[in-house]
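Shown here: start_1.tsv, TSV, C-alpha atoms.
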```tsv
chain	number	residue	atom	x	y	z
A	1	MET	CA	6.64	1.13	23.95
A	2	LYS	CA	4.56	-0.54	21.27
A	3	ARG	CA	5.82	-0.65	17.71
A	4	VAL	CA	3.54	-1.77	14.89
A	5	GLU	CA	4.15	-1.93	11.15
A	6	LEU	CA	1.16	-0.71	9.13
A	7	GLU	CA	0.53	-1.00	5.40
A	8	LEU	CA	-1.51	1.70	3.72
A	9	VAL	CA	-4.14	-0.23	1.77
A	10	ASN	CA	-6.53	2.56	0.82
A	11	ARG	CA	-6.24	3.74	-2.80
A	12	LEU	CA	-5.11	7.30	-2.07
A	13	GLY	CA	-2.72	6.55	0.77
A	14	LEU	CA	-2.30	9.08	3.57
A	15	HIS	CA	-4.24	11.95	1.97
A	16	ALA	CA	-5.85	14.86	3.86
A	17	ARG	CA	-9.09	13.14	4.97
A	18	ALA	CA	-7.28	9.97	6.02
A	19	ALA	CA	-4.63	12.00	7.85
A	20	SER	CA	-7.37	13.94	9.66
A	21	LYS	CA	-9.04	10.73	10.83
A	22	LEU	CA	-5.71	9.36	12.00
A	23	VAL	CA	-4.90	12.54	13.95
A	24	GLN	CA	-8.38	12.57	15.54
A	25	ALA	CA	-7.95	8.96	16.63
A	26	ALA	CA	-4.43	9.56	17.98
A	27	SER	CA	-5.50	12.71	19.84
A	28	GLY	CA	-8.00	10.71	21.87
A	29	PHE	CA	-5.20	8.95	23.76
A	30	ASP	CA	-2.83	10.12	26.47
A	31	SER	CA	0.13	8.19	25.04
A	32	ARG	CA	2.79	9.79	22.86
A	33	ILE	CA	2.26	8.54	19.30
A	34	TRP	CA	4.63	8.78	16.36
A	35	LEU	CA	4.44	7.69	12.74
A	36	ALA	CA	7.51	6.99	10.64
A	37	HIS	CA	7.81	6.63	6.88
A	38	GLY	CA	11.21	6.42	5.26
A	39	ASP	CA	13.53	8.78	7.09
A	40	LYS	CA	10.69	10.92	8.49
A	41	ARG	CA	9.22	10.50	11.98
A	42	VAL	CA	6.34	12.74	13.07
A	43	ASN	CA	3.94	13.28	15.94
A	44	ALA	CA	0.75	11.43	14.96
A	45	LYS	CA	-1.32	14.08	16.77
A	46	SER	CA	-0.14	16.78	14.36
A	47	ILE	CA	-2.05	17.09	11.07
A	48	MET	CA	0.85	18.96	9.45
A	49	GLY	CA	3.30	16.31	10.56
A	50	VAL	CA	1.16	13.43	9.28
A	51	LEU	CA	0.55	15.16	5.94
A	52	LEU	CA	4.28	15.75	5.51
A	53	LEU	CA	4.81	11.99	5.44
A	54	ALA	CA	3.14	11.98	2.00
A	55	ALA	CA	2.80	8.20	2.15
A	56	PRO	CA	1.06	6.64	-0.88
A	57	CYS	CA	-0.93	3.40	-1.14
A	58	GLY	CA	1.12	0.28	-0.56
A	59	ARG	CA	3.74	1.95	1.64
A	60	GLU	CA	4.50	0.84	5.15
A	61	LEU	CA	4.38	3.09	8.17
A	62	THR	CA	5.85	2.40	11.55
A	63	LEU	CA	3.55	3.29	14.43
A	64	GLU	CA	5.23	3.89	17.80
A	65	VAL	CA	3.12	4.40	20.90
A	66	ASP	CA	4.41	5.05	24.40
A	67	GLY	CA	2.20	5.72	27.40
A	68	PRO	CA	-0.54	4.53	29.71
A	69	ASP	CA	-3.00	3.58	26.96
A	70	GLU	CA	-0.51	2.42	24.33
A	71	ASP	CA	-2.15	-0.97	23.68
A	72	GLU	CA	-5.57	0.52	22.97
A	73	ALA	CA	-4.09	3.37	20.93
A	74	ALA	CA	-2.04	0.98	18.78
A	75	ARG	CA	-5.06	-1.29	18.20
A	76	THR	CA	-7.34	1.63	17.31
A	77	ILE	CA	-4.94	3.19	14.82
A	78	ALA	CA	-3.99	-0.15	13.27
A	79	LYS	CA	-7.69	-0.93	12.77
A	80	LEU	CA	-8.33	2.49	11.24
A	81	VAL	CA	-5.54	1.95	8.71
A	82	ALA	CA	-6.58	-1.66	7.97
A	83	ASP	CA	-10.18	-0.48	7.44
A	84	ARG	CA	-8.94	2.01	4.80
A	85	PHE	CA	-9.92	4.99	6.97
A	86	GLY	CA	-13.56	4.14	6.21
A	87	GLU	CA	-13.09	4.54	2.45
A	88	ASP	CA	-14.58	2.12	-0.07
A	89	GLU	CA	-11.31	1.31	-1.81
```
Let me see the structure of the file written as structure tokens.
Amino acid sequence: MKRVELELVNRLGLHARAASKLVQAASGFDSRIWLAHGDKRVNAKSIMGVLLLAAPCGRELTLEVDGPDEDEAARTIAKLVADRFGEDE
């Protein structure tokens, strides 16, 4: 199992469009993928779950990936978050 700490650096944090991009990325992998923020841990392939994290800018998320393509999945999601979900700020 891979575990990666991610910092939300985009201005709006994990809002609807960012959450949608994250779920689309996670859904492209066979591995089981979870996101944790505070005391909440959700399936990263569930838009409702990801939105319920309500994580703002500057907060840290824990990404957990377990499965046959866990390395690629962790890299892809970490890059998406680091690149601000494609947003300008």
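You will find CA of Ile33 (chain A) at 8.7 Å from CA of Ala74 (chain A).
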Pick from A:Leu61, A:Ala25, A:Ala55, A:Val9, whichever lies nearest to Arg75 (chain A) using all atoms listed in the file
A:Ala25
Given the choices A:Asp88, A:Arg11, A:Met1, A:Met48, which gets closest to Val23 (chain A) if the distance is worked out from only C-alpha atoms?
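Nearest candidate to Val23 (chain A) out of A:Asp88, A:Arg11, A:Met1, A:Met48: A:Met48.
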Taking (-6.3, 5.1, 29.5) as a centre in this file's frame and 12 Å as the limit, can you find every polymer residue with an atom that close, using only C-alpha atoms, and give them as a PyMOL selection string?
chain A and resi 28-31+66-73
Write out the residues from the selection above, keeping C-alpha atoms, as a PDB file, in the frame of the given file.
```pdb
ATOM      1  CA  GLY A  28      -8.000  10.710  21.870  1.00  0.00           C
ATOM      2  CA  PHE A  29      -5.200   8.950  23.760  1.00  0.00           C
ATOM      3  CA  ASP A  30      -2.830  10.120  26.470  1.00  0.00           C
ATOM      4  CA  SER A  31       0.130   8.190  25.040  1.00  0.00           C
ATOM      5  CA  ASP A  66       4.410   5.050  24.400  1.00  0.00           C
ATOM      6  CA  GLY A  67       2.200   5.720  27.400  1.00  0.00           C
ATOM      7  CA  PRO A  68      -0.540   4.530  29.710  1.00  0.00           C
ATOM      8  CA  ASP A  69      -3.000   3.580  26.960  1.00  0.00           C
ATOM      9  CA  GLU A  70      -0.510   2.420  24.330  1.00  0.00           C
ATOM     10  CA  ASP A  71      -2.150  -0.970  23.680  1.00  0.00           C
ATOM     11  CA  GLU A  72      -5.570   0.520  22.970  1.00  0.00           C
ATOM     12  CA  ALA A  73      -4.090   3.370  20.930  1.00  0.00           C
TER      13      ALA A  73
END
```
Compare A:Lys79, A:Arg84, A:Arg32, A:His37 by their minimum atom-to-atom distance to Arg17 (chain A), counting only C-alpha atoms, and give me the closest one.
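Looking at the shortest contact to Arg17 (chain A), the residue is A:Arg84.
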